[in-house]
Amino acid sequence: MKNTVKTIIFDVDGTLAETEELHRKAFNETFHKVGLDWYWNKSTYKELLKIAGGKERIKSYQSHLSQGDISLCEHDISILHTKKTKTYVRWVKNGALSLRPGIKSMITSAVEKKIKLAAATSTSLVNLVSLTKSCLGKDPNEIFHFLATGDLVKKKKPATELYDLVLKEMSIKSEECLAIEDSRIGMLAAKGANMQTLVSPSAYHLDDDFTESDYFCGSLEKEHLPEELRQLLFL
């Protein structure tokens with residue numbers, strides 16, 4: 001890894017921070033406010049996380065409801081998701097999240113080593129901006145060379161489009177990249193784009209199958225990283 005990796009590509013939700021529980025609460029808050037008799041418990045949300053994208057999860061959820069239950073059209077789903085995003089962003093701005101342990105030192109060391117950074121995430125740009133501004137005090141464009149967000153592609157993870165977009169826009173080779181992911185669908189997207197992949201599962205993905213990953217660690221703190229990545233970032 002030390003001699004080949006020139007770019008590190010970070011997933012966002014679950015990787016930079018444990019965001020998913022806050023997303024779940026924001027969905028439920030929004031459902032309540034608009035009068036929808038929906039509630040996503042942790043078990044339900046864990047299943048929905050097999051699908052990337054908030055609007056996509058809403059569509060999937062209602063597709064499994066009994067006939068006669070409320071069925072939202074595309075426009076309604078978009079409005080509902082926008083309301084949810086506003087709630088989530090407000091909470092993040094108010095300090096509801098912190099970075100996963102080790103992330104800040106990884107980013108700082110990579111910048112010092114002149115390793116390029118990118119983000120490849122199914123989440124929206126506004127969610128990414130709120131996270132980095134709240135937790136790092138910076139706009140994501142000050143940290144990452146390119147931001148591949150869910151609003152820029154037709155197919156989200158596990159499709160490879162987000163990673164393909166990073167490769168295209170940064171004019172880099174897949175074999176010179178290391179993708180850092182927390183979920184199986186993220187890992188599949190990175191591996192599908194022929195990238196070395198490090199997985200550190202977040203709370204909702206501890207039981208995912210990561211057999212195909214190149215590297216695995218329970219924590220992103222320096223002492224738990226693969227030896228090759230420690231050498232790349234900290235020696």
# chains A, B, ... in the order shown; residues from 1 in each chain; ligands from 1
>>> residues_around(residues="Gly150 (chain A)", least_positions_apart="3", cutoff="6 Å", atoms="only C-alpha atoms", output="list of chain:residue names")
A:Ser122, A:Thr123, A:Ser124, A:Val153
>>> select_by_dssp(residues="region 88-198 of chain A", states="strand (DSSP E or B)", output="PDB file with all heavy atoms, in the first residue's frame")
ATOM      1  N   LEU A  99     -16.737  13.348  15.018  1.00  0.00           N
ATOM      2  CA  LEU A  99     -16.042  12.438  14.119  1.00  0.00           C
ATOM      3  C   LEU A  99     -15.752  11.113  14.812  1.00  0.00           C
ATOM      4  O   LEU A  99     -15.581  11.064  16.028  1.00  0.00           O
ATOM      5  CB  LEU A  99     -14.725  13.063  13.659  1.00  0.00           C
ATOM      6  CG  LEU A  99     -14.808  14.338  12.832  1.00  0.00           C
ATOM      7  CD1 LEU A  99     -13.395  14.855  12.563  1.00  0.00           C
ATOM      8  CD2 LEU A  99     -15.540  14.108  11.522  1.00  0.00           C
ATOM      9  N   LYS A 116      -3.710  12.982  -1.714  1.00  0.00           N
ATOM     10  CA  LYS A 116      -4.971  13.602  -2.097  1.00  0.00           C
ATOM     11  C   LYS A 116      -6.135  12.903  -1.398  1.00  0.00           C
ATOM     12  O   LYS A 116      -6.102  11.696  -1.168  1.00  0.00           O
ATOM     13  CB  LYS A 116      -5.155  13.543  -3.612  1.00  0.00           C
ATOM     14  CG  LYS A 116      -4.180  14.426  -4.380  1.00  0.00           C
ATOM     15  CD  LYS A 116      -4.453  14.358  -5.869  1.00  0.00           C
ATOM     16  CE  LYS A 116      -3.496  15.265  -6.634  1.00  0.00           C
ATOM     17  NZ  LYS A 116      -3.741  15.202  -8.102  1.00  0.00           N
ATOM     18  N   LEU A 117      -7.152  13.694  -1.095  1.00  0.00           N
ATOM     19  CA  LEU A 117      -8.346  13.164  -0.438  1.00  0.00           C
ATOM     20  C   LEU A 117      -9.570  13.446  -1.297  1.00  0.00           C
ATOM     21  O   LEU A 117      -9.658  14.476  -1.963  1.00  0.00           O
ATOM     22  CB  LEU A 117      -8.542  13.807   0.936  1.00  0.00           C
ATOM     23  CG  LEU A 117      -7.423  13.610   1.961  1.00  0.00           C
ATOM     24  CD1 LEU A 117      -7.756  14.369   3.235  1.00  0.00           C
ATOM     25  CD2 LEU A 117      -7.224  12.135   2.260  1.00  0.00           C
ATOM     26  N   ALA A 118     -10.510  12.522  -1.264  1.00  0.00           N
ATOM     27  CA  ALA A 118     -11.787  12.709  -1.948  1.00  0.00           C
ATOM     28  C   ALA A 118     -12.884  12.099  -1.093  1.00  0.00           C
ATOM     29  O   ALA A 118     -12.617  11.333  -0.159  1.00  0.00           O
ATOM     30  CB  ALA A 118     -11.766  12.053  -3.328  1.00  0.00           C
ATOM     31  N   ALA A 119     -14.115  12.471  -1.394  1.00  0.00           N
ATOM     32  CA  ALA A 119     -15.276  11.883  -0.723  1.00  0.00           C
ATOM     33  C   ALA A 119     -16.155  11.228  -1.771  1.00  0.00           C
ATOM     34  O   ALA A 119     -16.369  11.787  -2.855  1.00  0.00           O
ATOM     35  CB  ALA A 119     -16.062  12.945   0.029  1.00  0.00           C
ATOM     36  N   ALA A 120     -16.650  10.038  -1.462  1.00  0.00           N
ATOM     37  CA  ALA A 120     -17.585   9.329  -2.340  1.00  0.00           C
ATOM     38  C   ALA A 120     -18.738   8.849  -1.469  1.00  0.00           C
ATOM     39  O   ALA A 120     -18.602   7.879  -0.726  1.00  0.00           O
ATOM     40  CB  ALA A 120     -16.906   8.162  -3.040  1.00  0.00           C
ATOM     41  N   PHE A 146     -12.092  16.397  -4.376  1.00  0.00           N
ATOM     42  CA  PHE A 146     -13.336  16.252  -5.135  1.00  0.00           C
ATOM     43  C   PHE A 146     -14.396  15.620  -4.248  1.00  0.00           C
ATOM     44  O   PHE A 146     -14.098  14.757  -3.421  1.00  0.00           O
ATOM     45  CB  PHE A 146     -13.135  15.386  -6.388  1.00  0.00           C
ATOM     46  CG  PHE A 146     -14.373  15.277  -7.228  1.00  0.00           C
ATOM     47  CD1 PHE A 146     -14.843  16.370  -7.944  1.00  0.00           C
ATOM     48  CD2 PHE A 146     -15.094  14.085  -7.286  1.00  0.00           C
ATOM     49  CE1 PHE A 146     -16.006  16.284  -8.703  1.00  0.00           C
ATOM     50  CE2 PHE A 146     -16.252  13.989  -8.047  1.00  0.00           C
ATOM     51  CZ  PHE A 146     -16.705  15.092  -8.760  1.00  0.00           C
ATOM     52  N   LEU A 147     -15.645  16.060  -4.441  1.00  0.00           N
ATOM     53  CA  LEU A 147     -16.770  15.565  -3.662  1.00  0.00           C
ATOM     54  C   LEU A 147     -17.751  14.864  -4.597  1.00  0.00           C
ATOM     55  O   LEU A 147     -18.444  15.510  -5.389  1.00  0.00           O
ATOM     56  CB  LEU A 147     -17.495  16.714  -2.954  1.00  0.00           C
ATOM     57  CG  LEU A 147     -16.631  17.690  -2.147  1.00  0.00           C
ATOM     58  CD1 LEU A 147     -17.479  18.858  -1.648  1.00  0.00           C
ATOM     59  CD2 LEU A 147     -15.971  16.970  -0.982  1.00  0.00           C
ATOM     60  N   ALA A 148     -17.797  13.563  -4.531  1.00  0.00           N
ATOM     61  CA  ALA A 148     -18.773  12.792  -5.295  1.00  0.00           C
ATOM     62  C   ALA A 148     -19.940  12.484  -4.361  1.00  0.00           C
ATOM     63  O   ALA A 148     -19.814  11.648  -3.460  1.00  0.00           O
ATOM     64  CB  ALA A 148     -18.151  11.511  -5.830  1.00  0.00           C
ATOM     65  N   CYS A 177      -5.613   4.177  -5.497  1.00  0.00           N
ATOM     66  CA  CYS A 177      -6.586   4.688  -4.520  1.00  0.00           C
ATOM     67  C   CYS A 177      -6.821   3.686  -3.392  1.00  0.00           C
ATOM     68  O   CYS A 177      -6.743   2.482  -3.590  1.00  0.00           O
ATOM     69  CB  CYS A 177      -7.927   4.959  -5.204  1.00  0.00           C
ATOM     70  SG  CYS A 177      -7.875   6.205  -6.498  1.00  0.00           S
ATOM     71  N   LEU A 178      -7.135   4.237  -2.236  1.00  0.00           N
ATOM     72  CA  LEU A 178      -7.625   3.440  -1.113  1.00  0.00           C
ATOM     73  C   LEU A 178      -8.971   4.012  -0.713  1.00  0.00           C
ATOM     74  O   LEU A 178      -9.079   5.200  -0.381  1.00  0.00           O
ATOM     75  CB  LEU A 178      -6.673   3.498   0.078  1.00  0.00           C
ATOM     76  CG  LEU A 178      -7.197   2.804   1.346  1.00  0.00           C
ATOM     77  CD1 LEU A 178      -7.250   1.287   1.151  1.00  0.00           C
ATOM     78  CD2 LEU A 178      -6.336   3.154   2.564  1.00  0.00           C
ATOM     79  N   ALA A 179     -10.005   3.187  -0.763  1.00  0.00           N
ATOM     80  CA  ALA A 179     -11.337   3.599  -0.329  1.00  0.00           C
ATOM     81  C   ALA A 179     -11.555   3.142   1.105  1.00  0.00           C
ATOM     82  O   ALA A 179     -11.172   2.036   1.485  1.00  0.00           O
ATOM     83  CB  ALA A 179     -12.396   2.989  -1.233  1.00  0.00           C
ATOM     84  N   ILE A 180     -12.157   4.028   1.898  1.00  0.00           N
ATOM     85  CA  ILE A 180     -12.467   3.687   3.294  1.00  0.00           C
ATOM     86  C   ILE A 180     -13.975   3.685   3.459  1.00  0.00           C
ATOM     87  O   ILE A 180     -14.639   4.701   3.233  1.00  0.00           O
ATOM     88  CB  ILE A 180     -11.791   4.662   4.266  1.00  0.00           C
ATOM     89  CG1 ILE A 180     -10.273   4.624   4.064  1.00  0.00           C
ATOM     90  CG2 ILE A 180     -12.152   4.307   5.713  1.00  0.00           C
ATOM     91  CD1 ILE A 180      -9.494   5.533   4.984  1.00  0.00           C
ATOM     92  N   GLU A 181     -14.521   2.543   3.843  1.00  0.00           N
ATOM     93  CA  GLU A 181     -15.959   2.334   3.915  1.00  0.00           C
ATOM     94  C   GLU A 181     -16.367   1.718   5.249  1.00  0.00           C
ATOM     95  O   GLU A 181     -15.522   1.197   5.988  1.00  0.00           O
ATOM     96  CB  GLU A 181     -16.412   1.423   2.770  1.00  0.00           C
ATOM     97  CG  GLU A 181     -16.451   2.088   1.406  1.00  0.00           C
ATOM     98  CD  GLU A 181     -17.698   2.950   1.226  1.00  0.00           C
ATOM     99  OE1 GLU A 181     -18.557   2.969   2.135  1.00  0.00           O
ATOM    100  OE2 GLU A 181     -17.808   3.582   0.156  1.00  0.00           O
ATOM    101  N   GLN A 196      -8.422  -0.699  -3.825  1.00  0.00           N
ATOM    102  CA  GLN A 196      -8.133  -1.287  -2.520  1.00  0.00           C
ATOM    103  C   GLN A 196      -9.131  -0.700  -1.527  1.00  0.00           C
ATOM    104  O   GLN A 196      -9.424   0.503  -1.573  1.00  0.00           O
ATOM    105  CB  GLN A 196      -6.715  -0.933  -2.074  1.00  0.00           C
ATOM    106  CG  GLN A 196      -5.613  -1.497  -2.935  1.00  0.00           C
ATOM    107  CD  GLN A 196      -4.250  -1.122  -2.373  1.00  0.00           C
ATOM    108  OE1 GLN A 196      -3.801  -1.699  -1.396  1.00  0.00           O
ATOM    109  NE2 GLN A 196      -3.605  -0.151  -2.989  1.00  0.00           N
ATOM    110  N   THR A 197      -9.632  -1.532  -0.643  1.00  0.00           N
ATOM    111  CA  THR A 197     -10.693  -1.080   0.247  1.00  0.00           C
ATOM    112  C   THR A 197     -10.421  -1.470   1.694  1.00  0.00           C
ATOM    113  O   THR A 197     -10.158  -2.630   2.000  1.00  0.00           O
ATOM    114  CB  THR A 197     -12.053  -1.664  -0.185  1.00  0.00           C
ATOM    115  OG1 THR A 197     -12.269  -1.376  -1.567  1.00  0.00           O
ATOM    116  CG2 THR A 197     -13.175  -1.053   0.626  1.00  0.00           C
ATOM    117  N   LEU A 198     -10.483  -0.462   2.553  1.00  0.00           N
ATOM    118  CA  LEU A 198     -10.387  -0.665   3.998  1.00  0.00           C
ATOM    119  C   LEU A 198     -11.781  -0.493   4.579  1.00  0.00           C
ATOM    120  O   LEU A 198     -12.439   0.518   4.334  1.00  0.00           O
ATOM    121  CB  LEU A 198      -9.436   0.355   4.622  1.00  0.00           C
ATOM    122  CG  LEU A 198      -9.494   0.498   6.151  1.00  0.00           C
ATOM    123  CD1 LEU A 198      -9.012  -0.772   6.829  1.00  0.00           C
ATOM    124  CD2 LEU A 198      -8.672   1.691   6.619  1.00  0.00           C
TER     125      LEU A 198
END
>>> residues_around(residues="Glu18 (chain A)", least_positions_apart="5", cutoff="9 Å", atoms="only C-alpha atoms", output="PyMOL selection string")
chain A and resi 13+97-100+202-203
>>> write_last_selection(atoms="N, CA, C and O atoms", output="tab-separated table (two decimals), in the first residue's frame")
chain	number	residue	atom	x	y	z
A	13	ASP	N	-21.27	8.88	5.61
A	13	ASP	CA	-22.16	8.38	6.66
A	13	ASP	C	-21.64	7.06	7.23
A	13	ASP	O	-21.46	6.08	6.50
A	97	LEU	N	-23.23	15.64	16.33
A	97	LEU	CA	-22.31	14.61	15.88
A	97	LEU	C	-20.87	14.95	16.22
A	97	LEU	O	-20.51	16.12	16.39
A	98	SER	N	-20.05	13.91	16.30
A	98	SER	CA	-18.60	14.07	16.39
A	98	SER	C	-17.96	13.07	15.45
A	98	SER	O	-18.57	12.05	15.10
A	99	LEU	N	-16.74	13.35	15.02
A	99	LEU	CA	-16.04	12.44	14.12
A	99	LEU	C	-15.75	11.11	14.81
A	99	LEU	O	-15.58	11.06	16.03
A	100	ARG	N	-15.68	10.06	14.03
A	100	ARG	CA	-15.24	8.80	14.60
A	100	ARG	C	-13.79	8.94	15.06
A	100	ARG	O	-12.98	9.65	14.43
A	202	SER	N	-19.41	0.65	10.92
A	202	SER	CA	-20.10	1.50	11.88
A	202	SER	C	-21.13	0.66	12.63
A	202	SER	O	-21.32	-0.52	12.35
A	203	ALA	N	-21.80	1.29	13.58
A	203	ALA	CA	-22.66	0.55	14.50
A	203	ALA	C	-23.75	-0.27	13.80
A	203	ALA	O	-24.07	-1.39	14.23
>>> residues_around(residues="Glu221 (chain A)", least_positions_apart="5", cutoff="10 Å", atoms="only C-alpha atoms", output="list in words")
Arg100, Pro101, Gly102, Ile103, Lys104, Ser105, Met106 and Arg230 of chain A
>>> write_last_selection(atoms="N, CA and C atoms", output="mmCIF file, in the first residue's frame")
data_model
loop_
_atom_site.group_PDB
_atom_site.id
_atom_site.type_symbol
_atom_site.label_atom_id
_atom_site.label_comp_id
_atom_site.auth_asym_id
_atom_site.auth_seq_id
_atom_site.Cartn_x
_atom_site.Cartn_y
_atom_site.Cartn_z
ATOM 1 N N ARG A 100 -15.682 10.059 14.034
ATOM 2 C CA ARG A 100 -15.240 8.796 14.600
ATOM 3 C C ARG A 100 -13.790 8.940 15.062
ATOM 4 N N PRO A 101 -13.414 8.295 16.147
ATOM 5 C CA PRO A 101 -12.033 8.367 16.633
ATOM 6 C C PRO A 101 -11.039 7.976 15.543
ATOM 7 N N GLY A 102 -10.024 8.810 15.357
ATOM 8 C CA GLY A 102 -8.979 8.541 14.387
ATOM 9 C C GLY A 102 -9.136 9.278 13.079
ATOM 10 N N ILE A 103 -10.349 9.698 12.742
ATOM 11 C CA ILE A 103 -10.590 10.342 11.445
ATOM 12 C C ILE A 103 -9.815 11.656 11.306
ATOM 13 N N LYS A 104 -9.856 12.491 12.330
ATOM 14 C CA LYS A 104 -9.191 13.791 12.211
ATOM 15 C C LYS A 104 -7.690 13.629 12.007
ATOM 16 N N SER A 105 -7.063 12.714 12.741
ATOM 17 C CA SER A 105 -5.624 12.523 12.591
ATOM 18 C C SER A 105 -5.286 11.914 11.236
ATOM 19 N N MET A 106 -6.152 11.049 10.710
ATOM 20 C CA MET A 106 -5.939 10.494 9.380
ATOM 21 C C MET A 106 -5.954 11.591 8.325
ATOM 22 N N ARG A 230 -0.641 2.725 8.403
ATOM 23 C CA ARG A 230 0.124 3.490 9.411
ATOM 24 C C ARG A 230 1.430 4.010 8.814
#
>>> residues_around(residues="region 130-139 of chain A", least_positions_apart="5", cutoff="10 Å", atoms="only C-alpha atoms", output="PyMOL selection string")
chain A and resi 12-13+16-17+19+88-99+104+125+144
>>> closest_residue(among="A:Ala110, A:Ala52, A:Leu232, A:Val34", to="Lys155 (chain A)", atoms="only C-alpha atoms")
A:Ala52
>>> residues_around(residues="His81 (chain A)", least_positions_apart="5", cutoff="9 Å", atoms="only C-alpha atoms", output="mmCIF file with N, CA and C atoms, in the first residue's frame")
data_model
loop_
_atom_site.group_PDB
_atom_site.id
_atom_site.type_symbol
_atom_site.label_atom_id
_atom_site.label_comp_id
_atom_site.auth_asym_id
_atom_site.auth_seq_id
_atom_site.Cartn_x
_atom_site.Cartn_y
_atom_site.Cartn_z
ATOM 1 N N PHE A 27 -35.660 11.102 10.292
ATOM 2 C CA PHE A 27 -36.775 10.546 9.523
ATOM 3 C C PHE A 27 -38.020 10.456 10.390
ATOM 4 N N THR A 30 -39.599 13.753 11.184
ATOM 5 C CA THR A 30 -40.281 14.296 10.004
ATOM 6 C C THR A 30 -41.602 13.581 9.753
ATOM 7 N N GLY A 54 -31.690 8.395 1.009
ATOM 8 C CA GLY A 54 -32.885 8.577 1.817
ATOM 9 C C GLY A 54 -34.180 8.437 1.036
ATOM 10 N N LYS A 55 -34.254 9.065 -0.120
ATOM 11 C CA LYS A 55 -35.473 8.956 -0.933
ATOM 12 C C LYS A 55 -35.700 7.516 -1.356
ATOM 13 N N ILE A 58 -37.263 5.582 1.495
ATOM 14 C CA ILE A 58 -38.688 5.872 1.636
ATOM 15 C C ILE A 58 -39.490 5.075 0.604
ATOM 16 N N ASP A 76 -43.982 13.970 -3.645
ATOM 17 C CA ASP A 76 -44.211 13.939 -2.198
ATOM 18 C C ASP A 76 -42.984 13.399 -1.459
ATOM 19 N N LYS A 86 -33.482 18.984 6.316
ATOM 20 C CA LYS A 86 -33.406 20.235 7.077
ATOM 21 C C LYS A 86 -33.322 19.957 8.577
#
>>> select_by_dssp(residues="region 8-201 of chain A", states="helix (DSSP H, G or I)", output="number ranges by chain")
A: 20-33, 42-48, 54-63, 74-93, 103-112, 125-136, 140-142, 150-152, 161-170, 174-176, 184-192
>>> atom_distance(atom1="CA of Asp207 (chain A)", atom2="CA of Ala26 (chain A)")
23.8 Å
>>> closest_residue(among="A:Ser109, A:Lys50, A:Gly218, A:Ser60", to="Gln231 (chain A)", atoms="only C-alpha atoms")
A:Ser109
>>> residues_around(residues="His64 (chain A)", least_positions_apart="6", cutoff="12 Å", atoms="only C-alpha atoms", output="list in words")
Thr44, Leu48, Arg57, Ile58, Ile70 and Ser71 of chain A
>>> closest_residue(among="A:Leu229, A:Leu220, A:Leu49, A:Val126", to="Asp208 (chain A)", atoms="only C-alpha atoms")
A:Leu49
>>> closest_residue(among="A:Arg184, A:Lys83, A:Lys173, A:His75", to="Ile8 (chain A)", atoms="only C-alpha atoms")
A:Lys173
>>> atom_distance(atom1="CA of Ser66 (chain A)", atom2="CA of Lys25 (chain A)")
23.6 Å
>>> closest_residue(among="A:Thr149, A:Lys114, A:Phe31, A:Tyr45", to="Val129 (chain A)", atoms="only C-alpha atoms")
A:Thr149
>>> closest_residue(among="A:Thr85, A:Gly53, A:Thr121, A:Asp214", to="Pro226 (chain A)", atoms="only C-alpha atoms")
A:Asp214
>>> atom_distance(atom1="CA of Tyr204 (chain A)", atom2="CA of Lys157 (chain A)")
16.3 Å
